[in-house]
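Shown below: structure-v6.cif, with mmCIF, C-alpha atoms.
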data_start
#
loop_
_atom_site.label_atom_id
_atom_site.label_comp_id
_atom_site.auth_asym_id
_atom_site.auth_seq_id
_atom_site.Cartn_x
_atom_site.Cartn_y
_atom_site.Cartn_z
CA MET S 306 -118.77 75.84 148.41
CA GLY S 307 -121.48 75.11 145.85
CA GLN S 308 -119.67 77.23 143.28
CA CYS S 309 -116.59 75.01 143.61
CA GLY S 310 -118.71 71.93 142.93
CA ILE S 311 -120.22 73.55 139.84
CA THR S 312 -116.79 74.64 138.64
CA SER S 313 -115.31 71.16 139.07
CA SER S 314 -118.30 69.67 137.19
CA LYS S 315 -117.67 72.09 134.33
CA THR S 316 -114.01 71.09 134.39
CA VAL S 317 -114.94 67.42 134.04
CA LEU S 318 -117.20 68.24 131.08
CA VAL S 319 -114.42 70.23 129.43
CA PHE S 320 -112.02 67.31 129.78
CA LEU S 321 -114.61 64.85 128.45
CA ASN S 322 -115.02 67.13 125.43
CA LEU S 323 -111.24 67.24 125.03
CA ILE S 324 -111.03 63.46 124.79
CA PHE S 325 -113.13 63.52 121.62
CA TRP S 326 -111.29 66.55 120.25
CA VAL S 327 -107.82 65.07 120.83
CA GLU S 328 -107.98 62.52 118.05
CA GLU S 329 -108.83 65.07 115.37
CA GLU S 330 -106.26 67.59 116.59
CA VAL S 331 -103.47 65.01 116.90
CA ASN S 332 -104.08 63.85 113.33
CA HIS S 333 -103.75 67.42 112.00
CA SER S 334 -100.73 68.26 114.17
CA ILE S 335 -98.82 65.06 113.58
CA GLN S 336 -99.22 65.39 109.81
CA LYS S 337 -97.84 68.94 110.00
CA VAL S 338 -94.86 67.92 112.14
CA TYR S 339 -94.01 64.96 109.88
CA ASN S 340 -94.03 67.32 106.89
CA GLU S 341 -91.58 69.65 108.70
CA TYR S 342 -89.16 66.83 109.56
CA ASN S 343 -85.67 67.40 108.16
CA GLY S 344 -83.63 64.80 110.04
CA THR S 345 -81.45 67.18 112.05
CA ASN S 346 -81.24 67.29 115.83
CA SER S 347 -81.20 71.09 115.77
CA ASP S 348 -84.77 71.22 114.47
CA ALA S 349 -87.57 70.90 117.08
CA PRO S 350 -90.04 68.95 114.89
CA SER S 351 -87.30 66.50 113.94
CA ARG S 352 -86.28 65.96 117.57
CA ALA S 353 -89.95 65.53 118.55
CA ILE S 354 -90.62 62.93 115.85
CA ASP S 355 -87.44 60.99 116.66
CA TYR S 356 -88.23 61.08 120.39
CA VAL S 357 -91.82 59.89 119.93
CA GLN S 358 -90.80 57.11 117.55
CA ARG S 359 -88.11 55.85 119.93
CA GLN S 360 -90.22 56.10 123.09
CA LEU S 361 -93.45 54.66 121.70
CA HIS S 362 -91.75 52.13 119.39
CA CYS S 363 -93.60 53.36 116.33
CA CYS S 364 -92.84 54.61 112.84
CA GLY S 365 -94.78 57.03 110.67
CA ILE S 366 -98.33 58.19 111.22
CA THR S 367 -100.21 54.96 110.50
CA ASN S 368 -97.12 52.85 109.59
CA TYR S 369 -93.60 53.24 108.18
CA SER S 370 -94.84 53.66 104.59
CA ASP S 371 -96.20 57.12 105.52
CA TRP S 372 -92.66 58.44 105.26
CA ARG S 373 -92.88 58.08 101.46
CA ASN S 374 -95.27 61.05 101.39
CA THR S 375 -93.01 63.47 103.30
CA ARG S 376 -90.80 66.21 101.93
CA TRP S 377 -87.78 64.75 103.78
CA PHE S 378 -88.17 61.36 102.08
CA ASN S 379 -88.44 62.91 98.63
CA GLU S 380 -85.49 65.27 99.18
CA SER S 381 -83.17 62.65 100.69
CA ARG S 382 -83.80 60.16 97.82
CA ASN S 383 -82.26 57.32 99.85
CA ASN S 384 -85.47 55.23 100.06
CA SER S 385 -85.25 55.00 103.85
CA VAL S 386 -87.03 56.20 106.96
CA PRO S 387 -85.37 57.91 109.96
CA LEU S 388 -83.20 55.71 112.16
CA SER S 389 -85.59 56.33 115.05
CA CYS S 390 -87.91 53.86 113.27
CA CYS S 391 -85.39 51.06 113.72
CA LYS S 392 -86.07 48.37 116.29
CA PRO S 393 -83.31 48.22 118.92
CA THR S 394 -82.92 44.50 118.26
CA ALA S 395 -82.15 45.12 114.57
CA SER S 396 -78.40 45.25 114.08
CA ASN S 397 -77.02 47.56 111.38
CA CYS S 398 -80.44 49.05 110.65
CA THR S 399 -80.25 51.82 108.07
CA GLY S 400 -83.98 52.53 107.90
CA ALA S 401 -84.17 51.11 104.41
CA LEU S 402 -87.68 50.28 103.25
CA THR S 403 -86.27 47.15 101.64
CA HIS S 404 -85.89 45.67 105.17
CA PRO S 405 -89.28 46.34 106.81
CA GLY S 406 -88.58 43.71 109.48
CA ASP S 407 -86.02 46.11 111.02
CA LEU S 408 -88.65 48.86 111.43
CA TYR S 409 -91.45 49.38 113.94
CA PRO S 410 -94.64 48.22 112.18
CA GLU S 411 -97.12 50.36 114.14
CA GLY S 412 -97.81 54.02 113.41
CA CYS S 413 -97.42 56.75 116.02
CA GLU S 414 -100.78 58.50 115.71
CA ALA S 415 -102.81 55.82 117.47
CA LEU S 416 -100.22 55.48 120.23
CA VAL S 417 -100.01 59.24 120.84
CA VAL S 418 -103.80 59.49 121.04
CA LYS S 419 -103.89 56.54 123.44
CA LYS S 420 -101.26 58.12 125.73
CA LEU S 421 -103.02 61.50 125.72
CA LYS S 422 -106.34 59.87 126.58
CA GLU S 423 -104.70 58.01 129.47
CA ILE S 424 -103.27 61.24 130.84
CA MET S 425 -106.61 63.03 130.47
CA MET S 426 -108.39 60.22 132.29
CA TYR S 427 -106.10 60.79 135.28
CA VAL S 428 -107.00 64.48 135.21
CA ILE S 429 -110.71 63.64 134.96
CA TRP S 430 -110.49 61.26 137.92
CA ALA S 431 -108.72 63.97 139.94
CA ALA S 432 -111.47 66.47 139.06
CA LEU S 433 -114.17 63.95 139.97
CA THR S 434 -112.45 63.26 143.29
CA PHE S 435 -112.32 66.98 143.99
CA ALA S 436 -116.02 67.27 143.14
CA ALA S 437 -116.84 64.35 145.46
CA ILE S 438 -114.93 66.03 148.29
CA GLN S 439 -116.87 69.24 147.62
CA MET S 440 -120.17 67.32 147.75
CA LEU S 441 -119.13 65.70 151.03
CA GLY S 442 -118.36 69.14 152.43
CA MET S 443 -121.78 70.42 151.36
CA LEU S 444 -123.44 67.37 152.93
CA CYS S 445 -121.60 68.02 156.21
CA ALA S 446 -122.69 71.67 156.13
CA CYS S 447 -126.32 70.57 155.63
CA VAL S 448 -126.09 68.17 158.57
CA VAL S 449 -124.76 70.95 160.81
CA LEU S 450 -127.54 73.30 159.66
CA CYS S 451 -130.22 70.68 160.34
CA ARG S 452 -128.82 69.96 163.79
CA ARG S 453 -128.77 73.65 164.62
CA GLY S 454 -132.56 73.85 164.60
CA ARG S 455 -133.01 71.00 167.10
CA ASP S 456 -130.05 71.48 169.44
CA PRO S 457 -130.30 74.32 172.02
CA ALA S 458 -126.52 74.68 171.96
CA TYR S 459 -126.90 76.18 168.49
CA GLU S 460 -129.35 78.93 169.44
CA LEU S 461 -128.61 82.36 168.05
CA LEU S 462 -127.55 85.03 170.50
CA ILE S 463 -129.55 88.19 169.95
CA SER S 464 -128.24 91.46 171.32
CA GLY S 465 -129.53 94.86 170.29
CA GLY S 466 -131.48 93.56 167.28
CA THR S 467 -128.42 92.14 165.51
CA TYR S 468 -127.27 88.59 165.29
CA ALA S 469 -123.95 87.82 166.88
#

Full structure transcribed into structure tokens:
Amino acid sequence: MGQCGITSSKTVLVFLNLIFWVEEEVNHSIQKVYNEYNGTNSDAPSRAIDYVQRQLHCCGITNYSDWRNTRWFNESRNNSVPLSCCKPTASNCTGALTHPGDLYPEGCEALVVKKLKEIMMYVIWAALTFAAIQMLGMLCACVVLCRRGRDPAYELLISGGTYA
């Protein structure tokens, strides 16, 4: 039972370490995925970027101007960002940088990190709850062991030199 408590404590420490690591790793990964974007739905990085931008209502890494530094932007030469950057309220949005009011102003990196940290906090709370239950179990076991010494109902039965 004590081993489970130690293991859950180590798990909590691992997740606390992950919270600090997430920000750095997300920055590296998101930059890589944005560079692989090609605007087609058949490509996994493109689908992932479009999905994140639509769901989190964001555009680019820090803002929509980050798209200017991507291979897709330079190859397309249409001076626009993906349509997933368009606000749903903007009618006839083409993603053109000349109409920044039609685009989400906030970048995706901060929002992705925030969501991941929220999810990890739920996992940490679950691990802490499990550790608390383990500690309660150990406390109950200690109470039973302490009572055993004072209560005659808990006397050991000795037969033939072995404990039953």

Inset, instruction - Please write the residues picked by the PyMOL selection byres ((chain S and resi 365) around 9) on this file as an MDAnalysis selection string. - result: chainID S and resid 339 354 358 363:364 366:372 386 390 409:414

Inset, instruction - May I ask for the distance between CA of Asn340 in chain S and CA of Thr375 in chain S, given in Å to one decimal place? - result: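 CA of Thr375 in chain S lies at a distance of 5.4 Å from CA of Asn340 in chain S.
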
Inset, instruction - Can you work out which one of S:Leu408, S:Glu329, S:Asn384, S:Ala432 has the shortest atom-to-atom distance to Ser396 in chain S, counting all atoms listed in the file? - result: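 Looking only at the distances to Ser396 in chain S, the closest residue turns out to be S:Leu408.
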
Legend entry - Nearest residue to Val331 in chain S from the set S:Lys420, S:Met440, S:Arg452, S:Trp430 (distances using only C-alpha atoms): S:Lys420

Inset, instruction - Excluding range 344-349 of chain S and any residue of its chain fewer than 2 positions from it, enumerate the residues within 12 Å of it, using all atoms listed in the file, and give them as a PyMOL selection string. - result: chain S and resi 338-342+351-356+375-378+380-381+385-389

Go ahead and write the selection's residues with C-alpha atoms as a tab-separated table (two decimals), in the coordinates of the input.
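So the final result, stored in out37.tsv, reads:
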chain	number	residue	atom	x	y	z
S	338	VAL	CA	-94.86	67.92	112.14
S	339	TYR	CA	-94.01	64.96	109.88
S	340	ASN	CA	-94.03	67.32	106.89
S	341	GLU	CA	-91.58	69.65	108.70
S	342	TYR	CA	-89.16	66.83	109.56
S	351	SER	CA	-87.30	66.50	113.94
S	352	ARG	CA	-86.28	65.96	117.57
S	353	ALA	CA	-89.95	65.53	118.55
S	354	ILE	CA	-90.62	62.93	115.85
S	355	ASP	CA	-87.44	60.99	116.66
S	356	TYR	CA	-88.23	61.08	120.39
S	375	THR	CA	-93.01	63.47	103.30
S	376	ARG	CA	-90.80	66.21	101.93
S	377	TRP	CA	-87.78	64.75	103.78
S	378	PHE	CA	-88.17	61.36	102.08
S	380	GLU	CA	-85.49	65.27	99.18
S	381	SER	CA	-83.17	62.65	100.69
S	385	SER	CA	-85.25	55.00	103.85
S	386	VAL	CA	-87.03	56.20	106.96
S	387	PRO	CA	-85.37	57.91	109.96
S	388	LEU	CA	-83.20	55.71	112.16
S	389	SER	CA	-85.59	56.33	115.05

Inset, instruction - Between CA of Met425 in chain S and CA of Cys391 in chain S, measure the distance and give it in Å to one decimal. - result: 29.6 Å

Excluding same-chain residues fewer than 5 positions from Asn383 in chain S, what lies within 10 Å of it counting only C-alpha atoms, as a PDB file with C-alpha atoms, in the frame of the given file?
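selection-v7.pdb, freshly written:
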ATOM      1  CA  PHE S 378     -88.170  61.360 102.080  1.00  0.00           C
ATOM      2  CA  GLY S 400     -83.980  52.530 107.900  1.00  0.00           C
ATOM      3  CA  ALA S 401     -84.170  51.110 104.410  1.00  0.00           C
ATOM      4  CA  LEU S 402     -87.680  50.280 103.250  1.00  0.00           C
TER       5      LEU S 402
END

Inset, instruction - Work out how far CA of Asn332 in chain S is from CA of Asn374 in chain S, in Å to one decimal. - result: 15.1 Å
